[in-house]
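Engineer: Structure file work.cif (mmCIF, C-alpha atoms and all ligand atoms; chains and numbers go by the auth columns) is given on the next line.
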```cif
data_start
loop_
_atom_site.group_PDB
_atom_site.id
_atom_site.type_symbol
_atom_site.label_atom_id
_atom_site.label_comp_id
_atom_site.label_asym_id
_atom_site.label_seq_id
_atom_site.Cartn_x
_atom_site.Cartn_y
_atom_site.Cartn_z
_atom_site.B_iso_or_equiv
_atom_site.auth_seq_id
_atom_site.auth_asym_id
ATOM 1 C CA MET A 1 7.380 18.667 -11.236 0.00 1 A
ATOM 2 C CA PRO A 2 11.078 18.493 -10.245 0.00 2 A
ATOM 3 C CA THR A 3 13.497 20.334 -12.525 0.00 3 A
ATOM 4 C CA LEU A 4 16.415 18.437 -14.018 0.00 4 A
ATOM 5 C CA PRO A 5 19.869 19.691 -14.983 0.00 5 A
ATOM 6 C CA GLY A 6 21.269 19.948 -18.506 0.00 6 A
ATOM 7 C CA GLY A 7 18.068 20.708 -20.341 0.00 7 A
ATOM 8 C CA TRP A 8 16.327 17.420 -19.479 0.00 8 A
ATOM 9 C CA ALA A 9 12.643 17.883 -18.753 0.00 9 A
ATOM 10 C CA LEU A 10 9.902 16.122 -16.808 0.00 10 A
ATOM 11 C CA ALA A 11 6.244 16.764 -17.583 0.00 11 A
ATOM 12 C CA ARG A 12 2.794 15.266 -17.180 0.00 12 A
ATOM 13 C CA MET A 13 1.823 13.008 -20.081 0.00 13 A
ATOM 14 C CA SER A 14 -0.842 14.363 -22.413 0.00 14 A
ATOM 15 C CA ALA A 15 -2.525 13.227 -25.625 0.00 15 A
ATOM 16 C CA ARG A 16 0.187 15.094 -27.587 0.00 16 A
ATOM 17 C CA ASP A 17 2.830 12.677 -26.257 0.00 17 A
ATOM 18 C CA LEU A 18 1.108 9.521 -27.418 0.00 18 A
ATOM 19 C CA ASP A 19 2.726 9.094 -30.859 0.00 19 A
ATOM 20 C CA ALA A 20 6.186 9.066 -29.280 0.00 20 A
ATOM 21 C CA VAL A 21 5.026 7.020 -26.271 0.00 21 A
ATOM 22 C CA VAL A 22 3.477 4.316 -28.464 0.00 22 A
ATOM 23 C CA ASP A 23 6.578 4.242 -30.678 0.00 23 A
ATOM 24 C CA ILE A 24 8.809 3.473 -27.679 0.00 24 A
ATOM 25 C CA GLU A 25 6.259 1.111 -26.120 0.00 25 A
ATOM 26 C CA GLN A 26 6.143 -1.063 -29.249 0.00 26 A
ATOM 27 C CA ARG A 27 9.910 -1.406 -29.318 0.00 27 A
ATOM 28 C CA ALA A 28 10.318 -1.947 -25.575 0.00 28 A
ATOM 29 C CA TYR A 29 7.877 -4.823 -24.920 0.00 29 A
ATOM 30 C CA SER A 30 6.937 -8.185 -26.397 0.00 30 A
ATOM 31 C CA HIS A 31 3.321 -7.393 -25.377 0.00 31 A
ATOM 32 C CA PRO A 32 3.038 -3.579 -25.471 0.00 32 A
ATOM 33 C CA TRP A 33 0.197 -1.389 -24.285 0.00 33 A
ATOM 34 C CA THR A 34 -1.918 -0.149 -27.186 0.00 34 A
ATOM 35 C CA ARG A 35 -2.511 3.504 -27.978 0.00 35 A
ATOM 36 C CA GLY A 36 -6.038 2.977 -26.599 0.00 36 A
ATOM 37 C CA ASN A 37 -4.594 1.770 -23.285 0.00 37 A
ATOM 38 C CA PHE A 38 -2.648 5.041 -22.941 0.00 38 A
ATOM 39 C CA GLU A 39 -5.626 7.149 -24.056 0.00 39 A
ATOM 40 C CA ASN A 40 -7.862 5.473 -21.480 0.00 40 A
ATOM 41 C CA SER A 41 -5.225 5.918 -18.846 0.00 41 A
ATOM 42 C CA VAL A 42 -4.894 9.653 -19.510 0.00 42 A
ATOM 43 C CA LYS A 43 -8.711 10.008 -19.594 0.00 43 A
ATOM 44 C CA ALA A 44 -9.082 8.060 -16.346 0.00 44 A
ATOM 45 C CA GLY A 45 -6.864 10.579 -14.619 0.00 45 A
ATOM 46 C CA HIS A 46 -3.901 8.287 -14.105 0.00 46 A
ATOM 47 C CA ILE A 47 -0.684 10.173 -13.579 0.00 47 A
ATOM 48 C CA GLY A 48 1.490 9.981 -16.665 0.00 48 A
ATOM 49 C CA LEU A 49 5.048 11.287 -16.526 0.00 49 A
ATOM 50 C CA THR A 50 7.333 11.968 -19.461 0.00 50 A
ATOM 51 C CA LEU A 51 11.090 12.432 -19.550 0.00 51 A
ATOM 52 C CA ARG A 52 12.513 14.347 -22.516 0.00 52 A
ATOM 53 C CA ASP A 53 16.124 14.934 -23.485 0.00 53 A
ATOM 54 C CA PRO A 54 17.565 18.424 -24.116 0.00 54 A
ATOM 55 C CA ALA A 55 16.494 18.180 -27.786 0.00 55 A
ATOM 56 C CA GLY A 56 12.918 17.514 -26.686 0.00 56 A
ATOM 57 C CA LYS A 57 12.969 13.849 -27.712 0.00 57 A
ATOM 58 C CA LEU A 58 11.023 11.441 -25.508 0.00 58 A
ATOM 59 C CA ALA A 59 13.429 9.234 -23.518 0.00 59 A
ATOM 60 C CA GLY A 60 10.980 7.545 -21.163 0.00 60 A
ATOM 61 C CA TYR A 61 7.624 7.631 -19.449 0.00 61 A
ATOM 62 C CA ALA A 62 5.754 6.224 -16.486 0.00 62 A
ATOM 63 C CA VAL A 63 2.094 5.803 -15.548 0.00 63 A
ATOM 64 C CA LEU A 64 0.829 5.797 -11.969 0.00 64 A
ATOM 65 C CA MET A 65 -2.668 4.944 -10.761 0.00 65 A
ATOM 66 C CA PRO A 66 -3.929 5.900 -7.304 0.00 66 A
ATOM 67 C CA VAL A 67 -5.991 3.063 -5.759 0.00 67 A
ATOM 68 C CA VAL A 68 -7.498 3.734 -2.340 0.00 68 A
ATOM 69 C CA ASP A 69 -4.454 4.181 -0.132 0.00 69 A
ATOM 70 C CA GLU A 70 -1.764 2.946 -2.505 0.00 70 A
ATOM 71 C CA MET A 71 -0.161 4.055 -5.728 0.00 71 A
ATOM 72 C CA HIS A 72 0.171 1.479 -8.499 0.00 72 A
ATOM 73 C CA LEU A 73 3.028 1.877 -10.937 0.00 73 A
ATOM 74 C CA LEU A 74 1.400 0.601 -14.128 0.00 74 A
ATOM 75 C CA ASN A 75 4.149 1.342 -16.612 0.00 75 A
ATOM 76 C CA ILE A 76 7.743 2.555 -16.603 0.00 76 A
ATOM 77 C CA THR A 77 9.679 2.458 -19.827 0.00 77 A
ATOM 78 C CA ILE A 78 12.920 3.882 -21.165 0.00 78 A
ATOM 79 C CA GLU A 79 13.696 4.241 -24.883 0.00 79 A
ATOM 80 C CA PRO A 80 15.600 0.997 -25.679 0.00 80 A
ATOM 81 C CA ALA A 81 18.568 2.838 -27.236 0.00 81 A
ATOM 82 C CA ARG A 82 19.076 4.653 -23.938 0.00 82 A
ATOM 83 C CA HIS A 83 19.054 1.737 -21.493 0.00 83 A
ATOM 84 C CA ARG A 84 21.719 1.517 -18.759 0.00 84 A
ATOM 85 C CA GLN A 85 22.299 5.261 -18.624 0.00 85 A
ATOM 86 C CA GLY A 86 20.568 5.767 -15.278 0.00 86 A
ATOM 87 C CA LEU A 87 17.336 7.051 -16.793 0.00 87 A
ATOM 88 C CA GLY A 88 15.144 4.260 -15.402 0.00 88 A
ATOM 89 C CA LYS A 89 16.513 4.908 -11.935 0.00 89 A
ATOM 90 C CA LEU A 90 15.824 8.622 -12.354 0.00 90 A
ATOM 91 C CA LEU A 91 12.279 8.109 -13.627 0.00 91 A
ATOM 92 C CA LEU A 92 11.505 5.602 -10.874 0.00 92 A
ATOM 93 C CA ALA A 93 12.719 8.112 -8.280 0.00 93 A
ATOM 94 C CA VAL A 94 10.423 10.733 -9.806 0.00 94 A
ATOM 95 C CA ALA A 95 7.508 8.257 -9.764 0.00 95 A
ATOM 96 C CA LEU A 96 8.136 7.494 -6.082 0.00 96 A
ATOM 97 C CA ALA A 97 8.385 11.196 -5.283 0.00 97 A
ATOM 98 C CA THR A 98 5.104 11.742 -7.138 0.00 98 A
ATOM 99 C CA ALA A 99 3.454 9.022 -5.035 0.00 99 A
ATOM 100 C CA ASN A 100 4.728 10.726 -1.900 0.00 100 A
ATOM 101 C CA GLN A 101 3.379 14.077 -3.112 0.00 101 A
ATOM 102 C CA HIS A 102 -0.036 12.450 -3.513 0.00 102 A
ATOM 103 C CA ARG A 103 0.243 11.141 0.048 0.00 103 A
ATOM 104 C CA LEU A 104 0.301 7.590 -1.278 0.00 104 A
ATOM 105 C CA PRO A 105 3.818 6.565 -0.360 0.00 105 A
ATOM 106 C CA ASN A 106 3.152 2.811 -0.569 0.00 106 A
ATOM 107 C CA VAL A 107 3.739 1.825 -4.185 0.00 107 A
ATOM 108 C CA LEU A 108 2.697 -1.473 -5.789 0.00 108 A
ATOM 109 C CA LEU A 109 3.600 -2.935 -9.160 0.00 109 A
ATOM 110 C CA GLU A 110 3.586 -6.147 -11.165 0.00 110 A
ATOM 111 C CA VAL A 111 6.575 -7.431 -13.072 0.00 111 A
ATOM 112 C CA ARG A 112 7.423 -10.509 -15.096 0.00 112 A
ATOM 113 C CA PRO A 113 9.837 -12.806 -13.231 0.00 113 A
ATOM 114 C CA SER A 114 11.846 -12.959 -16.489 0.00 114 A
ATOM 115 C CA ASN A 115 12.355 -9.169 -16.487 0.00 115 A
ATOM 116 C CA THR A 116 15.669 -9.198 -14.681 0.00 116 A
ATOM 117 C CA ALA A 117 16.494 -5.584 -15.592 0.00 117 A
ATOM 118 C CA ALA A 118 13.295 -4.235 -14.042 0.00 118 A
ATOM 119 C CA LEU A 119 13.579 -6.519 -11.008 0.00 119 A
ATOM 120 C CA ALA A 120 17.108 -5.272 -10.327 0.00 120 A
ATOM 121 C CA LEU A 121 15.950 -1.666 -10.694 0.00 121 A
ATOM 122 C CA TYR A 122 13.023 -2.158 -8.291 0.00 122 A
ATOM 123 C CA GLU A 123 15.002 -4.100 -5.701 0.00 123 A
ATOM 124 C CA ALA A 124 17.680 -1.404 -5.656 0.00 124 A
ATOM 125 C CA ALA A 125 14.893 1.119 -4.965 0.00 125 A
ATOM 126 C CA GLY A 126 13.628 -0.813 -1.927 0.00 126 A
ATOM 127 C CA PHE A 127 10.788 -2.852 -3.446 0.00 127 A
ATOM 128 C CA GLU A 128 10.035 -6.260 -1.950 0.00 128 A
ATOM 129 C CA THR A 129 8.194 -9.190 -3.510 0.00 129 A
ATOM 130 C CA ILE A 130 4.889 -9.691 -1.697 0.00 130 A
ATOM 131 C CA GLY A 131 3.048 -12.065 -4.009 0.00 131 A
ATOM 132 C CA ARG A 132 2.678 -13.826 -7.334 0.00 132 A
ATOM 133 C CA ARG A 133 -0.257 -13.752 -9.737 0.00 133 A
ATOM 134 C CA LYS A 134 -0.495 -16.992 -11.717 0.00 134 A
ATOM 135 C CA GLY A 135 -0.639 -16.628 -15.515 0.00 135 A
ATOM 136 C CA TYR A 136 -1.098 -12.855 -15.300 0.00 136 A
ATOM 137 C CA TYR A 137 0.755 -11.912 -18.485 0.00 137 A
ATOM 138 C CA PRO A 138 0.470 -13.153 -22.053 0.00 138 A
ATOM 139 C CA ALA A 139 3.720 -14.750 -23.174 0.00 139 A
ATOM 140 C CA ALA A 140 5.131 -16.252 -26.371 0.00 140 A
ATOM 141 C CA ASP A 141 4.467 -19.786 -25.079 0.00 141 A
ATOM 142 C CA GLY A 142 1.213 -19.186 -23.211 0.00 142 A
ATOM 143 C CA ARG A 143 1.062 -17.180 -19.988 0.00 143 A
ATOM 144 C CA GLU A 144 3.644 -15.899 -17.525 0.00 144 A
ATOM 145 C CA ASP A 145 3.159 -15.207 -13.817 0.00 145 A
ATOM 146 C CA ALA A 146 3.497 -11.727 -12.383 0.00 146 A
ATOM 147 C CA LEU A 147 5.468 -10.952 -9.269 0.00 147 A
ATOM 148 C CA VAL A 148 3.780 -8.334 -7.099 0.00 148 A
ATOM 149 C CA LEU A 149 6.242 -5.911 -5.566 0.00 149 A
ATOM 150 C CA ARG A 150 5.643 -3.262 -2.967 0.00 150 A
ATOM 151 C CA ARG A 151 7.744 -0.421 -1.727 0.00 151 A
ATOM 152 C CA ARG A 152 6.551 0.893 1.596 0.00 152 A
ATOM 153 C CA TRP A 153 7.420 4.278 2.921 0.00 153 A
ATOM 154 C CA GLY A 154 10.516 4.027 5.089 0.00 154 A
ATOM 155 C CA THR A 155 12.104 1.128 3.207 0.00 155 A
ATOM 156 C CA GLU A 156 14.583 3.407 1.506 0.00 156 A
ATOM 157 C CA GLN A 157 17.921 3.684 3.254 0.00 157 A
ATOM 158 C CA GLY A 158 18.023 5.944 6.258 0.00 158 A
ATOM 159 C CA THR A 159 14.350 6.468 6.956 0.00 159 A
ATOM 160 C CA GLU A 160 13.260 3.212 8.587 0.00 160 A
ATOM 161 C CA GLN A 161 16.105 3.075 11.030 0.00 161 A
ATOM 162 C CA ASP A 162 16.284 6.642 12.257 0.00 162 A
ATOM 163 C CA GLY A 163 12.740 7.833 11.581 0.00 163 A
ATOM 164 C CA GLN A 164 14.090 11.329 10.975 0.00 164 A
ATOM 165 C CA GLN A 165 12.245 11.999 7.760 0.00 165 A
ATOM 166 C CA GLY A 166 8.882 10.518 8.727 0.00 166 A
ATOM 167 C CA GLY A 167 6.316 10.150 5.971 0.00 167 A
ATOM 168 C CA PRO A 168 3.996 12.526 4.176 0.00 168 A
ATOM 169 C CA ARG A 169 1.389 11.641 6.787 0.00 169 A
ATOM 170 C CA GLY A 170 3.796 12.488 9.600 0.00 170 A
ATOM 171 C CA ALA A 171 6.453 10.676 11.562 0.00 171 A
ATOM 172 C CA SER A 172 3.954 8.448 13.355 0.00 172 A
ATOM 173 C CA ALA A 173 2.458 7.057 10.120 0.00 173 A
HETATM 174 C C1 LIG B . 13.589 -1.610 -16.723 0.00 201 A
HETATM 175 C C2 LIG B . 14.087 -0.305 -17.382 0.00 201 A
HETATM 176 C C3 LIG B . 13.051 0.785 -17.157 0.00 201 A
HETATM 177 C C4 LIG B . 15.421 0.112 -16.732 0.00 201 A
HETATM 178 O O1 LIG B . 15.802 1.362 -17.311 0.00 201 A
HETATM 179 P P1 LIG B . 17.336 1.779 -17.509 0.00 201 A
HETATM 180 O O2 LIG B . 17.351 3.235 -17.803 0.00 201 A
HETATM 181 O O3 LIG B . 17.998 0.874 -18.468 0.00 201 A
HETATM 182 O O4 LIG B . 17.908 1.483 -16.051 0.00 201 A
HETATM 183 P P2 LIG B . 19.089 2.269 -15.322 0.00 201 A
HETATM 184 O O5 LIG B . 20.207 2.527 -16.279 0.00 201 A
HETATM 185 O O6 LIG B . 18.538 3.431 -14.599 0.00 201 A
HETATM 186 O O7 LIG B . 19.561 1.163 -14.291 0.00 201 A
HETATM 187 C C5 LIG B . 19.294 1.268 -12.901 0.00 201 A
HETATM 188 C C6 LIG B . 19.596 -0.063 -12.252 0.00 201 A
HETATM 189 O O8 LIG B . 18.676 -1.062 -12.704 0.00 201 A
HETATM 190 C C7 LIG B . 19.370 -2.305 -12.838 0.00 201 A
HETATM 191 N N1 LIG B . 19.395 -2.692 -14.251 0.00 201 A
HETATM 192 C C8 LIG B . 18.922 -1.957 -15.295 0.00 201 A
HETATM 193 N N2 LIG B . 19.060 -2.679 -16.434 0.00 201 A
HETATM 194 C C9 LIG B . 19.599 -3.851 -16.085 0.00 201 A
HETATM 195 C C10 LIG B . 19.958 -5.003 -16.820 0.00 201 A
HETATM 196 N N3 LIG B . 19.787 -5.077 -18.154 0.00 201 A
HETATM 197 N N4 LIG B . 20.472 -6.061 -16.155 0.00 201 A
HETATM 198 C C11 LIG B . 20.651 -6.011 -14.820 0.00 201 A
HETATM 199 N N5 LIG B . 20.345 -4.921 -14.056 0.00 201 A
HETATM 200 C C12 LIG B . 19.816 -3.880 -14.693 0.00 201 A
HETATM 201 C C13 LIG B . 20.759 -2.089 -12.325 0.00 201 A
HETATM 202 O O9 LIG B . 20.743 -2.327 -10.921 0.00 201 A
HETATM 203 C C14 LIG B . 20.951 -0.623 -12.613 0.00 201 A
HETATM 204 O O10 LIG B . 21.922 -0.011 -11.816 0.00 201 A
HETATM 205 P P3 LIG B . 23.462 0.008 -12.356 0.00 201 A
HETATM 206 O O11 LIG B . 23.423 0.509 -13.767 0.00 201 A
HETATM 207 O O12 LIG B . 24.104 0.957 -11.395 0.00 201 A
HETATM 208 O O13 LIG B . 23.936 -1.406 -12.265 0.00 201 A
HETATM 209 C C15 LIG B . 14.369 -0.535 -18.889 0.00 201 A
HETATM 210 O O14 LIG B . 15.169 -1.695 -19.034 0.00 201 A
HETATM 211 C C16 LIG B . 13.132 -0.662 -19.750 0.00 201 A
HETATM 212 O O15 LIG B . 12.532 0.318 -20.171 0.00 201 A
HETATM 213 N N6 LIG B . 12.778 -1.935 -20.043 0.00 201 A
HETATM 214 C C17 LIG B . 11.625 -2.206 -20.916 0.00 201 A
HETATM 215 C C18 LIG B . 10.331 -1.845 -20.242 0.00 201 A
HETATM 216 C C19 LIG B . 10.143 -2.590 -18.939 0.00 201 A
HETATM 217 O O16 LIG B . 10.412 -3.796 -18.830 0.00 201 A
HETATM 218 N N7 LIG B . 9.655 -1.875 -17.927 0.00 201 A
HETATM 219 C C20 LIG B . 9.346 -2.426 -16.619 0.00 201 A
HETATM 220 C C21 LIG B . 8.042 -3.139 -16.659 0.00 201 A
HETATM 221 S S1 LIG B . 7.644 -3.875 -15.080 0.00 201 A
#
```
Would you mind writing the structure in this file as structure tokens?
Structural biologist:
Amino acid sequence: MPTLPGGWALARMSARDLDAVVDIEQRAYSHPWTRGNFENSVKAGHIGLTLRDPAGKLAGYAVLMPVVDEMHLLNITIEPARHRQGLGKLLLAVALATANQHRLPNVLLEVRPSNTAALALYEAAGFETIGRRKGYYPAADGREDALVLRRRWGTEQGTEQDGQQGGPRGASA
């Protein structure tokens, strides 16, 4: 796990984190994951990441699921009182680095078209919209579509053009 400056800490999510995770989740979403969703995710071996501040308080978390040759980003959430401080960008970078470490550099996710904050975050990180799932999410007035976004290895600045960094599977991948 990468180390962070100033006493901030990254760790793998465990059952001990779930009270704080569920507390943030309920305040961050109109349709939050349940505690059971997180428990099943941890049990299923999904990769949960937590970000804690220097006082040890949970500031954000992410959940990644390896599927065949891609990594799915199932959840990324920052404590609402800490939005727009760069923490989402940091946690997303850690999630992408984690996918690379697992040799699954192509990352997929779903997002509500109405979630402009998340869309801006993902687009800045090199994600592209590759599809739309009709009525995927529950919404206050029925259902809402999901946009499917993918970030392929090499779409971040500097790697596609010059090929200097290659990918975890080698420069020819
Ligand atoms: C999406 C989320 C993780 C972003 O976290 P954050 O810590 O506030 O984001 P950051 O401060 O790192 O912002 C990074 C970039 O994202 C974009 N962004 C973030 N919030 C934004 C907003 N409200 N409006 C527009 N752009 C936004 C900006 O491009 C921003 O860069 P900038 O600050 O230099 O302009 C956060 O809003 C969140 O937890 N939302 C609720 C949960 C959620 O919707 N998760 C995604 C599910 S798909």
Engineer: Step by step, work through what the PyMOL selection byres (((chain A and resi 121-134) around 8) and not hetatm) selects in the shown file, and finish by giving those residues as a PyMOL selection string.
Structural biologist: chain A and resi 88-89+117-120+135-136+144-152+155-156
Engineer: Evaluating the PyMOL selection byres (((chain A and resi 94) around 12) and not hetatm) on the displayed file yields which residues, as a ChimeraX atom specification?
Structural biologist: /A:1-4,9-12,47-51,60-64,73,76,87-93,95-101,125
Engineer: What's the separation between atom N6 of ligand LIG 201 (chain A) and CA of Arg27 in chain A, in Å to one decimal place?
Structural biologist: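 Computing the Euclidean distance for atom N6 of ligand LIG 201 (chain A) and CA of Arg27 in chain A yields 9.7 Å.
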Engineer: Run the PyMOL selection byres (((chain A and resi 17) around 12) and not hetatm) on the file and write out the hits as a list of chain:residue names.
Structural biologist: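 Given this file, the PyMOL selection byres (((chain A and resi 17) around 12) and not hetatm) evaluates to A:Ala11, A:Arg12, A:Met13, A:Ser14, A:Ala15, A:Arg16, A:Leu18, A:Asp19, A:Ala20, A:Val21, A:Val22, A:Asp23, A:Ile24, A:Arg35, A:Phe38, A:Glu39, A:Val42, A:Gly48, A:Leu49, A:Thr50, A:Leu51, A:Arg52, A:Gly56, A:Lys57, A:Leu58, A:Ala59, A:Gly60, A:Tyr61.
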Engineer: Limited to C-alpha atoms, could you put the picked residues into a file as a PDB file, keeping the file's coordinate frame?
Structural biologist:
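Final output, saved to out.pdb:
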```
ATOM      1  CA  ALA A  11       6.244  16.764 -17.583  1.00  0.00           C
ATOM      2  CA  ARG A  12       2.794  15.266 -17.180  1.00  0.00           C
ATOM      3  CA  MET A  13       1.823  13.008 -20.081  1.00  0.00           C
ATOM      4  CA  SER A  14      -0.842  14.363 -22.413  1.00  0.00           C
ATOM      5  CA  ALA A  15      -2.525  13.227 -25.625  1.00  0.00           C
ATOM      6  CA  ARG A  16       0.187  15.094 -27.587  1.00  0.00           C
ATOM      7  CA  LEU A  18       1.108   9.521 -27.418  1.00  0.00           C
ATOM      8  CA  ASP A  19       2.726   9.094 -30.859  1.00  0.00           C
ATOM      9  CA  ALA A  20       6.186   9.066 -29.280  1.00  0.00           C
ATOM     10  CA  VAL A  21       5.026   7.020 -26.271  1.00  0.00           C
ATOM     11  CA  VAL A  22       3.477   4.316 -28.464  1.00  0.00           C
ATOM     12  CA  ASP A  23       6.578   4.242 -30.678  1.00  0.00           C
ATOM     13  CA  ILE A  24       8.809   3.473 -27.679  1.00  0.00           C
ATOM     14  CA  ARG A  35      -2.511   3.504 -27.978  1.00  0.00           C
ATOM     15  CA  PHE A  38      -2.648   5.041 -22.941  1.00  0.00           C
ATOM     16  CA  GLU A  39      -5.626   7.149 -24.056  1.00  0.00           C
ATOM     17  CA  VAL A  42      -4.894   9.653 -19.510  1.00  0.00           C
ATOM     18  CA  GLY A  48       1.490   9.981 -16.665  1.00  0.00           C
ATOM     19  CA  LEU A  49       5.048  11.287 -16.526  1.00  0.00           C
ATOM     20  CA  THR A  50       7.333  11.968 -19.461  1.00  0.00           C
ATOM     21  CA  LEU A  51      11.090  12.432 -19.550  1.00  0.00           C
ATOM     22  CA  ARG A  52      12.513  14.347 -22.516  1.00  0.00           C
ATOM     23  CA  GLY A  56      12.918  17.514 -26.686  1.00  0.00           C
ATOM     24  CA  LYS A  57      12.969  13.849 -27.712  1.00  0.00           C
ATOM     25  CA  LEU A  58      11.023  11.441 -25.508  1.00  0.00           C
ATOM     26  CA  ALA A  59      13.429   9.234 -23.518  1.00  0.00           C
ATOM     27  CA  GLY A  60      10.980   7.545 -21.163  1.00  0.00           C
ATOM     28  CA  TYR A  61       7.624   7.631 -19.449  1.00  0.00           C
TER      29      TYR A  61
END
```
Engineer: Which one is closest to ligand LIG 201 (chain A): A:Asp53, A:Gly36, A:Val67, A:Arg112? Count all atoms listed in the file.
Structural biologist: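 Counting all atoms listed in the file, the residue closest to ligand LIG 201 (chain A) is A:Arg112.
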Engineer: Which distance in Å separates CA of Pro32 in chain A and CA of Met65 in chain A, to one decimal?
Structural biologist: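 Between CA of Pro32 in chain A and CA of Met65 in chain A the gap works out to 17.9 Å.
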Engineer: Any idea what the distance is between atom O6 of ligand LIG 201 (chain A) and CA of Gln85 in chain A?
Structural biologist: 5.8 Å
Engineer: Pick out the closest residue to ligand LIG 201 (chain A) from this set: A:Asn40, A:Thr34, A:Gln26, A:Asn115. Count only C-alpha atoms and all ligand atoms.
Structural biologist: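 Looking only at the distances to ligand LIG 201 (chain A), the closest residue turns out to be A:Asn115.
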Engineer: Hey, which of A:Ala81, A:Leu74, A:Val68, A:Ala139 ends up closest to Pro105 in chain A? Count only C-alpha atoms.
Structural biologist: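 Among A:Ala81, A:Leu74, A:Val68, A:Ala139, it is A:Val68 that comes nearest to Pro105 in chain A.
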Engineer: Out of A:Ser114, A:Leu104, A:Asp69, A:Gly7, which residue has the shortest atom-to-atom distance to ligand LIG 201 (chain A) when counting all atoms listed in the file?
Structural biologist: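 Of the candidates, the smallest distance to ligand LIG 201 (chain A) is held by A:Ser114.
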Engineer: Where's the centre, and what are the edge lengths in Å to one decimal, of a box along x, y and z enclosing all listed atoms of range 16-31 of chain A padded 4 Å per side, as JSON?
Structural biologist:
```
{"center_x": 5.3, "center_y": 3.5, "center_z": -27.9, "size_x": 18.1, "size_y": 31.3, "size_z": 13.9}
```
Engineer: Return the single residue from A:Tyr29, A:Leu108, A:His102, A:Pro54 that is closest to ligand LIG 201 (chain A), with distances computed using only C-alpha atoms and all ligand atoms.
Structural biologist: A:Tyr29
Engineer: Kindly indicate which residue among A:Ser30, A:Pro138, A:Asn106, A:Ser41 lies nearest to ligand LIG 201 (chain A), using only C-alpha atoms and all ligand atoms for the distances.
Structural biologist: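 The answer is A:Ser30, which sits nearest to ligand LIG 201 (chain A).
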